[in-house]
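As stored in input_25.tsv (TSV, C-alpha atoms and all ligand atoms):
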```
chain	number	residue	atom	x	y	z
B	1	MET	CA	-1.60	10.09	22.82
B	2	ARG	CA	-4.22	10.97	20.23
B	3	VAL	CA	-5.68	8.20	18.07
B	4	ALA	CA	-6.16	9.32	14.47
B	5	PRO	CA	-9.44	8.70	12.61
B	6	GLY	CA	-9.40	5.18	11.21
B	7	GLY	CA	-7.33	3.97	14.20
B	8	THR	CA	-8.29	0.83	16.11
B	9	ILE	CA	-9.71	0.67	19.62
B	10	GLY	CA	-9.36	-2.67	21.37
B	11	ILE	CA	-12.13	-3.58	23.79
B	12	LEU	CA	-11.62	-6.30	26.39
B	13	GLY	CA	-15.05	-7.86	26.97
B	14	GLY	CA	-17.88	-8.63	24.58
B	15	GLY	CA	-21.03	-7.57	26.44
B	16	GLN	CA	-23.60	-4.86	25.76
B	17	LEU	CA	-21.32	-2.14	27.10
B	18	GLY	CA	-18.71	-3.13	24.52
B	19	ARG	CA	-21.45	-3.16	21.90
B	20	MET	CA	-22.51	0.41	22.63
B	21	LEU	CA	-18.87	1.52	22.83
B	22	ALA	CA	-18.22	-0.03	19.42
B	23	GLN	CA	-21.25	1.78	17.98
B	24	ALA	CA	-20.04	5.11	19.35
B	25	ALA	CA	-16.52	4.43	18.09
B	26	ALA	CA	-17.82	3.75	14.58
B	27	ASP	CA	-19.66	7.11	14.59
B	28	LEU	CA	-16.34	8.76	15.43
B	29	GLN	CA	-14.64	6.92	12.53
B	30	PHE	CA	-12.63	4.49	14.67
B	31	ARG	CA	-12.39	0.77	14.13
B	32	THR	CA	-13.01	-1.64	17.00
B	33	LEU	CA	-11.48	-5.00	17.82
B	34	ILE	CA	-13.19	-7.03	20.56
B	35	PHE	CA	-11.25	-9.50	22.70
B	36	CYS	CA	-13.46	-11.97	24.56
B	37	PRO	CA	-13.83	-15.70	25.13
B	38	GLU	CA	-17.40	-16.00	23.78
B	39	GLU	CA	-18.51	-16.48	20.19
B	40	ASN	CA	-21.12	-14.15	18.70
B	41	SER	CA	-20.96	-11.74	21.63
B	42	PRO	CA	-23.17	-8.63	21.73
B	43	ALA	CA	-20.12	-6.45	21.04
B	44	SER	CA	-18.63	-8.55	18.24
B	45	GLN	CA	-21.92	-8.36	16.31
B	46	VAL	CA	-21.32	-4.64	15.71
B	47	ALA	CA	-17.51	-4.35	15.91
B	48	ASP	CA	-15.10	-4.53	13.01
B	49	ASP	CA	-13.43	-7.69	14.23
B	50	THR	CA	-13.11	-10.03	17.23
B	51	ILE	CA	-10.38	-12.16	18.72
B	52	ILE	CA	-11.98	-15.06	20.54
B	53	ALA	CA	-9.58	-16.23	23.24
B	54	ALA	CA	-9.24	-16.65	26.98
B	55	TYR	CA	-8.29	-13.49	28.88
B	56	LYS	CA	-5.04	-15.12	29.97
B	57	ASP	CA	-3.99	-16.32	26.50
B	58	GLU	CA	-0.75	-14.37	26.17
B	59	ALA	CA	-0.15	-15.12	22.49
B	60	ALA	CA	-3.65	-13.92	21.64
B	61	LEU	CA	-3.19	-10.81	23.80
B	62	ARG	CA	0.07	-10.00	22.05
B	63	ASN	CA	-1.64	-10.30	18.68
B	64	PHE	CA	-4.53	-8.13	19.97
B	65	ALA	CA	-2.16	-5.43	21.24
B	66	GLY	CA	-0.32	-5.34	17.93
B	67	ARG	CA	-3.54	-4.40	16.15
B	68	CYS	CA	-4.70	-1.67	18.58
B	69	ASP	CA	-3.90	2.03	18.99
B	70	VAL	CA	-5.51	2.06	22.41
B	71	ILE	CA	-7.23	-0.59	24.53
B	72	THR	CA	-10.10	-0.28	26.98
B	73	TYR	CA	-12.30	-2.71	28.91
B	74	GLU	CA	-16.02	-2.92	29.28
B	75	PHE	CA	-16.37	-4.86	32.51
B	76	GLU	CA	-14.37	-4.93	35.68
B	77	ASN	CA	-14.00	-8.64	36.05
B	78	ILE	CA	-11.36	-8.81	33.33
B	79	PRO	CA	-8.38	-10.40	35.13
B	80	LEU	CA	-5.99	-7.73	36.36
B	81	GLN	CA	-3.24	-10.02	35.06
B	82	THR	CA	-4.52	-9.37	31.51
B	83	VAL	CA	-4.08	-5.61	31.78
B	84	ASN	CA	-0.76	-6.01	33.58
B	85	PHE	CA	0.47	-8.34	30.84
B	86	LEU	CA	-0.41	-5.69	28.24
B	87	THR	CA	1.02	-2.68	30.05
B	88	ALA	CA	3.58	-3.62	32.70
B	89	ASP	CA	6.91	-1.93	32.00
B	90	ARG	CA	9.25	-4.88	31.34
B	91	PRO	CA	11.32	-6.26	28.48
B	92	GLY	CA	9.27	-8.06	25.86
B	93	ARG	CA	5.98	-6.35	26.71
B	94	PRO	CA	3.48	-6.47	23.86
B	95	GLN	CA	3.66	-3.69	21.30
B	96	GLY	CA	0.68	-1.79	20.00
B	97	ALA	CA	-0.07	-0.83	16.40
B	98	ASN	CA	2.91	0.82	14.62
B	99	GLY	CA	5.29	-0.68	17.18
B	100	ARG	CA	4.32	1.81	19.89
B	101	GLU	CA	3.72	0.90	23.53
B	102	VAL	CA	0.13	-0.09	23.92
B	103	SER	CA	-1.94	2.00	26.29
B	104	VAL	CA	-4.84	0.57	28.31
B	105	GLN	CA	-7.31	3.17	29.59
B	106	PRO	CA	-8.59	3.37	32.27
B	107	ALA	CA	-5.23	2.16	33.61
B	108	ALA	CA	-4.63	-0.99	35.67
B	109	GLU	CA	-4.88	0.87	39.00
B	110	ALA	CA	-8.54	1.77	38.36
B	111	LEU	CA	-9.32	-1.84	37.51
B	112	ARG	CA	-7.49	-3.12	40.60
B	113	THR	CA	-9.42	-0.70	42.80
B	114	GLY	CA	-12.80	-1.38	41.23
B	115	GLN	CA	-12.41	-5.15	41.38
B	116	ASN	CA	-12.21	-5.55	45.09
B	117	ARG	CA	-14.68	-4.05	47.55
B	118	LEU	CA	-12.12	-3.89	50.35
B	119	THR	CA	-9.50	-2.11	48.21
B	120	GLU	CA	-12.20	0.16	46.81
B	121	LYS	CA	-13.71	1.23	50.14
B	122	THR	CA	-10.27	1.63	51.74
B	123	PHE	CA	-9.22	3.86	48.84
B	124	LEU	CA	-12.44	5.91	49.05
B	125	ASN	CA	-12.18	6.53	52.77
B	126	GLY	CA	-8.48	7.33	52.32
B	127	ILE	CA	-9.31	10.22	49.95
B	128	GLY	CA	-12.08	11.46	52.24
B	129	VAL	CA	-15.03	9.98	50.33
B	130	PRO	CA	-17.56	8.48	52.75
B	131	THR	CA	-18.99	4.96	52.41
B	132	ALA	CA	-21.03	2.65	54.63
B	133	PRO	CA	-18.95	1.55	57.64
B	134	PHE	CA	-17.24	-1.75	56.79
B	135	ALA	CA	-14.79	-4.36	58.01
B	136	ALA	CA	-12.76	-7.07	56.26
B	137	ILE	CA	-13.93	-10.63	56.92
B	138	GLN	CA	-12.08	-13.88	56.36
B	139	LEU	CA	-13.15	-16.21	59.15
B	140	LEU	CA	-16.47	-16.76	60.86
B	141	ASP	CA	-14.86	-15.40	64.03
B	142	ASP	CA	-14.13	-12.09	62.25
B	143	LEU	CA	-17.81	-11.81	61.41
B	144	ILE	CA	-18.92	-12.69	64.92
B	145	ALA	CA	-16.62	-9.96	66.23
B	146	GLU	CA	-17.59	-7.25	63.71
B	147	VAL	CA	-21.37	-7.60	63.50
B	148	PRO	CA	-22.04	-6.16	66.99
B	149	LEU	CA	-19.96	-3.10	66.05
B	150	LEU	CA	-22.07	-2.44	62.96
B	151	GLY	CA	-25.43	-3.51	64.38
B	152	PHE	CA	-28.35	-5.18	62.58
B	153	PRO	CA	-29.10	-5.34	59.77
B	154	CYS	CA	-25.77	-5.54	57.97
B	155	VAL	CA	-24.67	-6.99	54.65
B	156	LEU	CA	-21.92	-9.53	53.99
B	157	LYS	CA	-20.40	-9.20	50.50
B	158	THR	CA	-17.62	-11.07	48.74
B	159	GLN	CA	-14.63	-8.83	48.14
B	160	ARG	CA	-14.42	-9.83	44.51
B	161	GLY	CA	-16.65	-10.83	41.64
B	162	GLY	CA	-19.98	-9.63	43.00
B	163	TYR	CA	-22.40	-7.66	40.86
B	164	ASP	CA	-26.18	-7.22	40.65
B	165	GLY	CA	-26.53	-8.44	44.23
B	166	LYS	CA	-24.61	-11.69	43.63
B	167	GLY	CA	-22.26	-12.78	46.39
B	168	GLN	CA	-24.22	-10.91	49.07
B	169	ALA	CA	-26.07	-12.01	52.18
B	170	MET	CA	-28.17	-9.91	54.55
B	171	ILE	CA	-27.64	-10.43	58.26
B	172	ARG	CA	-30.79	-9.42	60.11
B	173	SER	CA	-30.11	-11.11	63.43
B	174	ALA	CA	-27.45	-13.20	65.16
B	175	ASP	CA	-29.14	-16.30	63.73
B	176	ASP	CA	-28.13	-15.26	60.19
B	177	ILE	CA	-24.40	-14.96	60.87
B	178	GLY	CA	-23.48	-18.62	60.38
B	179	THR	CA	-25.60	-19.06	57.24
B	180	ALA	CA	-24.38	-15.84	55.66
B	181	HIS	CA	-20.76	-16.85	56.22
B	182	ARG	CA	-21.40	-20.37	54.87
B	183	ASP	CA	-23.16	-18.97	51.75
B	184	LEU	CA	-20.03	-17.10	50.75
B	185	MET	CA	-18.07	-20.36	50.96
B	186	GLY	CA	-14.95	-19.01	52.60
B	187	GLN	CA	-14.31	-16.28	50.03
B	188	PRO	CA	-12.68	-13.14	51.42
B	189	ALA	CA	-15.52	-10.75	52.24
B	190	ILE	CA	-16.46	-7.46	53.80
B	191	VAL	CA	-19.34	-6.77	56.13
B	192	GLU	CA	-21.08	-3.43	55.76
B	193	GLY	CA	-23.54	-1.49	57.83
B	194	PHE	CA	-26.96	-1.42	56.18
B	195	ILE	CA	-27.74	2.08	54.96
B	196	GLU	CA	-31.28	3.38	55.40
B	197	PHE	CA	-31.23	5.23	52.13
B	198	THR	CA	-34.09	7.34	50.79
B	199	ARG	CA	-32.92	6.76	47.25
B	200	GLU	CA	-30.07	5.52	45.12
B	201	LEU	CA	-28.33	7.97	42.82
B	202	SER	CA	-25.33	7.78	40.56
B	203	ILE	CA	-23.00	10.22	38.96
B	204	ILE	CA	-21.00	9.54	35.84
B	205	CYS	CA	-18.02	11.60	34.86
B	206	ALA	CA	-15.71	11.65	31.90
B	207	ARG	CA	-12.04	12.53	32.36
B	208	GLY	CA	-9.72	13.16	29.44
B	209	THR	CA	-6.00	12.47	29.06
B	210	ASN	CA	-5.38	16.18	29.75
B	211	GLY	CA	-7.23	16.01	33.09
B	212	ALA	CA	-10.34	17.82	31.76
B	213	ILE	CA	-13.43	16.51	33.54
B	214	ALA	CA	-17.15	16.63	32.70
B	215	PHE	CA	-20.02	15.53	34.95
B	216	PHE	CA	-23.25	14.09	33.66
B	217	PRO	CA	-26.15	15.16	35.88
B	218	LEU	CA	-26.99	13.07	38.93
B	219	VAL	CA	-29.50	10.36	38.06
B	220	GLU	CA	-31.89	8.39	40.24
B	221	ASN	CA	-31.82	4.59	40.11
B	222	GLU	CA	-34.48	2.09	41.09
B	223	HIS	CA	-33.41	-1.52	41.60
B	224	ARG	CA	-35.53	-4.66	41.53
B	225	HIS	CA	-34.09	-7.87	42.96
B	226	HIS	CA	-30.72	-6.07	43.20
B	227	ILE	CA	-30.70	-5.35	39.45
B	228	LEU	CA	-31.06	-1.86	38.01
B	229	HIS	CA	-34.63	-1.51	36.80
B	230	LYS	CA	-35.02	2.17	35.96
B	231	THR	CA	-32.93	5.33	35.74
B	232	THR	CA	-34.50	8.79	35.78
B	233	ALA	CA	-32.24	11.42	34.27
B	234	PRO	CA	-31.68	14.00	35.53
B	235	ALA	CA	-32.68	12.90	39.05
B	236	PRO	CA	-35.59	14.96	40.40
B	237	ASN	CA	-35.22	17.16	43.49
B	238	VAL	CA	-31.50	17.67	43.34
B	239	SER	CA	-30.26	20.82	45.02
B	240	GLU	CA	-27.24	22.67	43.73
B	241	ALA	CA	-25.44	21.68	46.96
B	242	LEU	CA	-26.18	17.95	46.49
B	243	ALA	CA	-25.02	18.06	42.87
B	244	ARG	CA	-21.77	19.83	43.88
B	245	ARG	CA	-21.14	17.26	46.65
B	246	ALA	CA	-21.56	14.35	44.22
B	247	GLU	CA	-19.31	16.05	41.67
B	248	ASP	CA	-16.68	16.72	44.29
B	249	MET	CA	-16.66	13.01	45.24
B	250	ALA	CA	-16.44	11.88	41.61
B	251	ARG	CA	-13.65	14.38	40.94
B	252	ARG	CA	-11.61	13.18	43.92
B	253	ILE	CA	-12.00	9.56	42.83
B	254	ALA	CA	-11.12	10.27	39.18
B	255	GLU	CA	-8.12	12.40	40.12
B	256	GLY	CA	-7.02	9.93	42.82
B	257	LEU	CA	-6.88	7.19	40.21
B	258	ASP	CA	-5.46	9.45	37.48
B	259	TYR	CA	-8.41	8.17	35.56
B	260	VAL	CA	-9.04	8.38	31.82
B	261	GLY	CA	-12.47	7.49	30.44
B	262	ILE	CA	-15.95	7.20	31.92
B	263	LEU	CA	-16.18	6.54	35.65
B	264	ALA	CA	-19.46	5.71	37.41
B	265	VAL	CA	-20.06	6.33	41.09
B	266	GLU	CA	-23.08	4.70	42.75
B	267	LEU	CA	-24.44	6.62	45.72
B	268	PHE	CA	-26.88	6.30	48.60
B	269	GLU	CA	-28.73	9.41	49.72
B	270	THR	CA	-29.64	8.88	53.36
B	271	VAL	CA	-32.57	10.06	55.45
B	272	ASP	CA	-30.40	12.75	57.04
B	273	GLY	CA	-29.20	14.05	53.67
B	274	ALA	CA	-25.76	12.39	53.64
B	275	LEU	CA	-24.30	11.06	50.42
B	276	LEU	CA	-22.34	7.80	50.66
B	277	VAL	CA	-20.59	5.92	47.88
B	278	ASN	CA	-21.84	2.35	47.43
B	279	GLU	CA	-19.41	1.42	44.71
B	280	ILE	CA	-17.50	2.69	41.74
B	281	ALA	CA	-17.35	1.21	38.26
B	282	PRO	CA	-14.26	1.88	36.13
B	283	ARG	CA	-16.27	1.76	32.92
B	284	VAL	CA	-19.39	2.94	31.17
B	285	HIS	CA	-22.40	2.14	33.31
B	286	ASN	CA	-26.00	0.99	32.98
B	287	SER	CA	-27.24	4.16	34.70
B	288	GLY	CA	-25.70	6.20	31.87
B	289	HIS	CA	-27.51	4.52	28.97
B	290	TRP	CA	-30.09	7.33	28.87
B	291	SER	CA	-27.32	9.63	27.62
B	292	ILE	CA	-27.47	8.08	24.12
B	293	GLU	CA	-30.70	9.95	23.49
B	294	GLY	CA	-30.83	12.28	26.47
B	295	ALA	CA	-27.48	14.10	26.57
B	296	LYS	CA	-25.55	16.21	24.09
B	297	THR	CA	-22.79	13.58	24.11
B	298	SER	CA	-23.40	10.01	25.29
B	299	GLN	CA	-21.27	8.30	27.91
B	300	PHE	CA	-20.10	5.91	25.18
B	301	GLU	CA	-18.94	8.69	22.87
B	302	ASN	CA	-17.22	10.49	25.72
B	303	HIS	CA	-15.44	7.31	26.80
B	304	ILE	CA	-14.12	6.86	23.26
B	305	ARG	CA	-13.20	10.56	23.06
B	306	ALA	CA	-11.36	10.39	26.38
B	307	ILE	CA	-9.29	7.28	25.65
B	308	CYS	CA	-8.44	8.51	22.14
B	309	GLY	CA	-7.17	11.84	23.45
B	310	LEU	CA	-9.96	13.89	21.86
B	311	PRO	CA	-11.68	16.79	23.63
B	312	LEU	CA	-14.71	15.68	25.66
B	313	GLY	CA	-18.13	16.50	24.25
B	314	PRO	CA	-20.65	18.54	26.27
B	315	VAL	CA	-22.66	16.40	28.68
B	316	ASP	CA	-25.69	18.62	29.26
B	317	PRO	CA	-29.00	16.79	29.19
B	318	VAL	CA	-31.03	17.72	26.12
B	319	ARG	CA	-34.30	16.37	27.53
B	320	PRO	CA	-35.48	14.49	30.62
B	321	SER	CA	-35.29	10.74	30.01
B	322	VAL	CA	-36.26	7.52	31.72
B	323	MET	CA	-34.30	4.36	30.95
B	324	THR	CA	-35.87	0.99	31.73
B	325	ASN	CA	-33.89	-2.24	31.48
B	326	LEU	CA	-35.35	-5.17	29.58
B	327	ILE	CA	-34.51	-8.07	31.88
B	328	GLY	CA	-35.07	-11.74	30.98
B	329	ASP	CA	-38.44	-12.28	29.31
B	330	ASP	CA	-39.29	-8.54	29.30
B	331	VAL	CA	-37.85	-8.77	25.83
B	332	ASP	CA	-40.42	-11.27	24.57
B	333	ASP	CA	-43.14	-8.68	24.02
B	334	LEU	CA	-42.00	-5.25	22.98
B	335	SER	CA	-45.25	-4.19	21.29
B	336	ALA	CA	-46.18	-1.70	24.01
B	337	TRP	CA	-42.85	0.07	23.56
B	338	GLN	CA	-42.93	-0.20	19.78
B	339	ASN	CA	-46.26	1.59	19.63
B	340	ARG	CA	-44.78	4.70	21.12
B	341	ASP	CA	-42.98	7.47	19.32
B	342	ASP	CA	-41.21	8.68	22.46
B	343	ALA	CA	-39.43	5.40	23.28
B	344	VAL	CA	-36.19	4.12	21.76
B	345	ILE	CA	-35.56	0.38	22.07
B	346	HIS	CA	-32.02	-0.99	22.31
B	347	LEU	CA	-31.50	-4.76	22.05
B	348	TYR	CA	-28.18	-6.37	22.87
B	349	GLY	CA	-28.29	-9.31	20.46
B	350	LYS	CA	-28.16	-12.02	23.13
B	351	ASP	CA	-29.71	-15.18	21.74
B	352	GLU	CA	-30.54	-16.88	25.00
B	353	VAL	CA	-33.10	-15.27	27.29
B	354	ARG	CA	-32.34	-16.05	30.94
B	355	ALA	CA	-34.01	-14.81	34.11
B	356	GLY	CA	-32.14	-11.76	35.42
B	357	ARG	CA	-30.17	-11.33	32.18
B	358	LYS	CA	-29.97	-7.83	30.73
B	359	MET	CA	-31.37	-8.25	27.22
B	360	GLY	CA	-31.80	-4.62	26.24
B	361	HIS	CA	-33.14	-1.31	27.46
B	362	VAL	CA	-35.64	1.33	26.45
B	363	THR	CA	-35.17	5.06	26.79
B	364	GLU	CA	-38.28	7.20	27.02
B	365	VAL	CA	-37.59	10.77	26.13
B	366	VAL	CA	-40.01	12.95	27.96
B	401	LIG	P1	-23.98	-3.76	45.19
B	401	LIG	O1	-23.79	-5.04	44.45
B	401	LIG	O2	-23.01	-3.55	46.31
B	401	LIG	O3	-24.08	-2.58	44.26
B	401	LIG	O4	-25.42	-3.84	45.86
B	401	LIG	C1	-26.60	-4.02	45.10
B	401	LIG	C2	-27.75	-3.31	45.77
B	401	LIG	O5	-27.96	-3.81	47.11
B	401	LIG	C3	-27.53	-1.81	45.95
B	401	LIG	O6	-27.83	-1.10	44.79
B	401	LIG	C4	-28.48	-1.53	47.12
B	401	LIG	O7	-29.81	-1.45	46.64
B	401	LIG	C5	-28.34	-2.76	47.99
B	401	LIG	N1	-27.27	-2.55	48.99
B	401	LIG	C6	-25.98	-2.92	48.86
B	401	LIG	N2	-25.25	-2.56	49.94
B	401	LIG	C7	-26.10	-1.96	50.80
B	401	LIG	C8	-25.96	-1.36	52.10
B	401	LIG	N3	-24.78	-1.33	52.76
B	401	LIG	N4	-27.06	-0.81	52.66
B	401	LIG	C9	-28.24	-0.83	52.02
B	401	LIG	N5	-28.44	-1.39	50.80
B	401	LIG	C10	-27.40	-1.95	50.20
```
Let me see the file written as structure tokens.
Ligand code: AMP
Amino acid sequence: MRVAPGGTIGILGGGQLGRMLAQAAADLQFRTLIFCPEENSPASQVADDTIIAAYKDEAALRNFAGRCDVITYEFENIPLQTVNFLTADRPGRPQGANGREVSVQPAAEALRTGQNRLTEKTFLNGIGVPTAPFAAIQLLDDLIAEVPLLGFPCVLKTQRGGYDGKGQAMIRSADDIGTAHRDLMGQPAIVEGFIEFTRELSIICARGTNGAIAFFPLVENEHRHHILHKTTAPAPNVSEALARRAEDMARRIAEGLDYVGILAVELFETVDGALLVNEIAPRVHNSGHWSIEGAKTSQFENHIRAICGLPLGPVDPVRPSVMTNLIGDDVDDLSAWQNRDDAVIHLYGKDEVRAGRKMGHVTEVV
């Protein structure tokens, strides 16, 4: 379905990704309605309107749906129940604007897959996309049995809810097994072989309702303390063959999920030249922020275009760019960036500075 200019896009989640989506939507002459539990969220500061309610508040969701032509989400920890409530085919399901069925894009299946590392890696391997070797862990005994098969070091990760390195524990020797398991406090987990990567890359693609697909160039990502620090776009030293391999993986994932919108695929490039998927994100992604200045069409615009049934814009890079996140108190002194005419500062409007919190980013256009 195509959303007409002036139509309303609902966004579940009020963070910076929602903020940049709302900005792109406004440029395309759409209205945005944010649904999130927080007051004065980064997204609601720039959107047309906000419904402040819990994600499981069914009356509020019904009201939200009734005002939207299409709904999307900006982070993958939105309860699956929320999207199912909005879209499951059953009597009495919420209606969208003009009494039509409300559509949530990307659809529930992408959210379900992206929310759980076990589901995600099982899906990836099932469609022939390689990942680190992994095993499901529930009990300490499972871990004791699996670690020798993977070897040291390996990484224990919660199946759900982990991001930016949260909910992870490294296992370097047999002595770490008990502590790592205790740290995750009995949550269902997976254990993964540790990948000796030479670098981390990501590929972002946009897929439209008609199945058209566009790939942003591979980018190189540098993390600090498990949080994305810097993205170089396009990634240097990328052969045609590497780019095609990454695109092939992203295409299989997007088609396997019958995906609509922006999909991000985080990759490890290994010493022997293999490309493995670390994780997928069913949403716009931090490693695509450079595209606001650096690509013909930004990831945010292309997400809006895709979910509204518009043709995708071209994704060619217009100039090399480097995106640096402003984390925690990085944001307290921006004078060095402000003095430059080749740097664009983006602030997310978060009033409280906390260590490790993404407060903004800067894109240097080279
Ligand atoms: P994640 O939350 O799974 O994206 O992990 C955060 C970061 O931890 C990644 O970007 C990597 O730098 C590192 N990491 C996660 N899993 C592995 C692994 N299996 N091998 C090596 N490094 C990893």
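Every protein, DNA or RNA residue with an atom at most 6 Å from Lys157 in chain B, where all atoms listed in the file count and chain neighbours fewer than 5 positions away do not, is listed here: Gly167, Gln168, Ala189 and Ile190 of chain B.
Atom pair CA of Asn63 in chain B / CA of Ile51 in chain B: separated by 8.9 Å.
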Which residues are close to Ala233 in chain B, i.e. within 8 Å by only C-alpha atoms, leaving aside same-chain residues fewer than 2 positions away? Reply as a VMD selection string. chain B and resid 217 to 220 231 235 to 236 290 294 320 to 322
Could you give me, as an MDAnalysis selection string, the residues that have an atom at most 12 Å away from the point (2.8, -14.8, 29.2) in the coordinates of the file, using only C-alpha atoms? chainID B and resid 55:62 81:86 88 92:94
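For the choices B:Glu222, B:Glu101, B:Glu109, B:Glu146, the atom-to-atom distance to Val191 in chain B is smallest for B:Glu146 when using only C-alpha atoms.
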Taking into account all atoms listed in the file, which residue in the set B:Val155, B:Val129, B:Met359, B:Ala250 is nearest to ligand LIG 401 (chain B)? B:Val155
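CA of Gln23 in chain B is found 24.0 Å from CA of Val366 in chain B.
Polymer residues near (-16.1, -7.4, 59.0): counting only C-alpha atoms with a cut-off of 7 Å, they are Phe134, Ala135, Ala136, Ile137, Asp142, Leu143, Glu146, Val147, Ile190 and Val191 of chain B.
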12 Å contact set for Tyr259 in chain B, all atoms listed in the file, chain neighbours under 4 positions out, as a ChimeraX atom specification: /B:104-111,113-114,205-213,250-255,263-264,281-283,303,306-307
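You can rank B:Pro311, B:Pro5, B:Pro37, B:Pro148 by their closest distance to Gly261 in chain B using only C-alpha atoms, and at the top of that list sits B:Pro311.
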Mind giving me the axis-aligned box for range 27-39 of chain B with 5 Å on every side, centre plus edges in Å to one decimal, as AutoDock Vina command-line options?
```
--center_x -15.5 --center_y -3.9 --center_z 18.8 --size_x 18.4 --size_y 35.2 --size_z 22.6
```
Residues of chain B that have any atom at most 8 Å from an atom of ligand LIG 401 (chain B): could you tabulate them with the shortest-distance atom pair and the distance in Å to one decimal, using all atoms listed in the file, ordered by chain and increasing number, as CSV?
```
residue,atom,partner,partner_atom,distance
B:Ala132,CA,B:LIG401,N3,5.8
B:Cys154,CA,B:LIG401,N3,6.8
B:Val155,CA,B:LIG401,N3,6.0
B:Lys157,CA,B:LIG401,O2,7.5
B:Gly162,CA,B:LIG401,O1,6.1
B:Tyr163,CA,B:LIG401,O1,4.7
B:Asp164,CA,B:LIG401,O1,5.0
B:Gly165,CA,B:LIG401,O1,4.4
B:Lys166,CA,B:LIG401,O1,6.8
B:Gln168,CA,B:LIG401,O1,7.5
B:Glu192,CA,B:LIG401,N3,5.2
B:Gly193,CA,B:LIG401,N3,5.2
B:Phe194,CA,B:LIG401,N4,3.6
B:Ile195,CA,B:LIG401,N4,3.8
B:Glu196,CA,B:LIG401,C9,6.2
B:Phe197,CA,B:LIG401,C9,6.8
B:Glu200,CA,B:LIG401,O6,7.0
B:His223,CA,B:LIG401,O7,6.2
B:His226,CA,B:LIG401,C2,4.8
B:Ile227,CA,B:LIG401,C1,7.1
B:Leu228,CA,B:LIG401,O6,7.5
B:Glu266,CA,B:LIG401,O3,7.5
B:Asn278,CA,B:LIG401,O2,6.1
B:Glu279,CA,B:LIG401,O3,6.2
```
Take the residues from that selection and put them in a file with C-alpha atoms, as an mmCIF file, in the coordinates of the input.
```cif
data_model
loop_
_atom_site.group_PDB
_atom_site.id
_atom_site.type_symbol
_atom_site.label_atom_id
_atom_site.label_comp_id
_atom_site.auth_asym_id
_atom_site.auth_seq_id
_atom_site.Cartn_x
_atom_site.Cartn_y
_atom_site.Cartn_z
ATOM 1 C CA ALA B 132 -21.030 2.650 54.630
ATOM 2 C CA CYS B 154 -25.770 -5.540 57.970
ATOM 3 C CA VAL B 155 -24.670 -6.990 54.650
ATOM 4 C CA LYS B 157 -20.400 -9.200 50.500
ATOM 5 C CA GLY B 162 -19.980 -9.630 43.000
ATOM 6 C CA TYR B 163 -22.400 -7.660 40.860
ATOM 7 C CA ASP B 164 -26.180 -7.220 40.650
ATOM 8 C CA GLY B 165 -26.530 -8.440 44.230
ATOM 9 C CA LYS B 166 -24.610 -11.690 43.630
ATOM 10 C CA GLN B 168 -24.220 -10.910 49.070
ATOM 11 C CA GLU B 192 -21.080 -3.430 55.760
ATOM 12 C CA GLY B 193 -23.540 -1.490 57.830
ATOM 13 C CA PHE B 194 -26.960 -1.420 56.180
ATOM 14 C CA ILE B 195 -27.740 2.080 54.960
ATOM 15 C CA GLU B 196 -31.280 3.380 55.400
ATOM 16 C CA PHE B 197 -31.230 5.230 52.130
ATOM 17 C CA GLU B 200 -30.070 5.520 45.120
ATOM 18 C CA HIS B 223 -33.410 -1.520 41.600
ATOM 19 C CA HIS B 226 -30.720 -6.070 43.200
ATOM 20 C CA ILE B 227 -30.700 -5.350 39.450
ATOM 21 C CA LEU B 228 -31.060 -1.860 38.010
ATOM 22 C CA GLU B 266 -23.080 4.700 42.750
ATOM 23 C CA ASN B 278 -21.840 2.350 47.430
ATOM 24 C CA GLU B 279 -19.410 1.420 44.710
#
```
From CA of Ala53 in chain B to CA of Arg354 in chain B the spacing works out at 24.0 Å
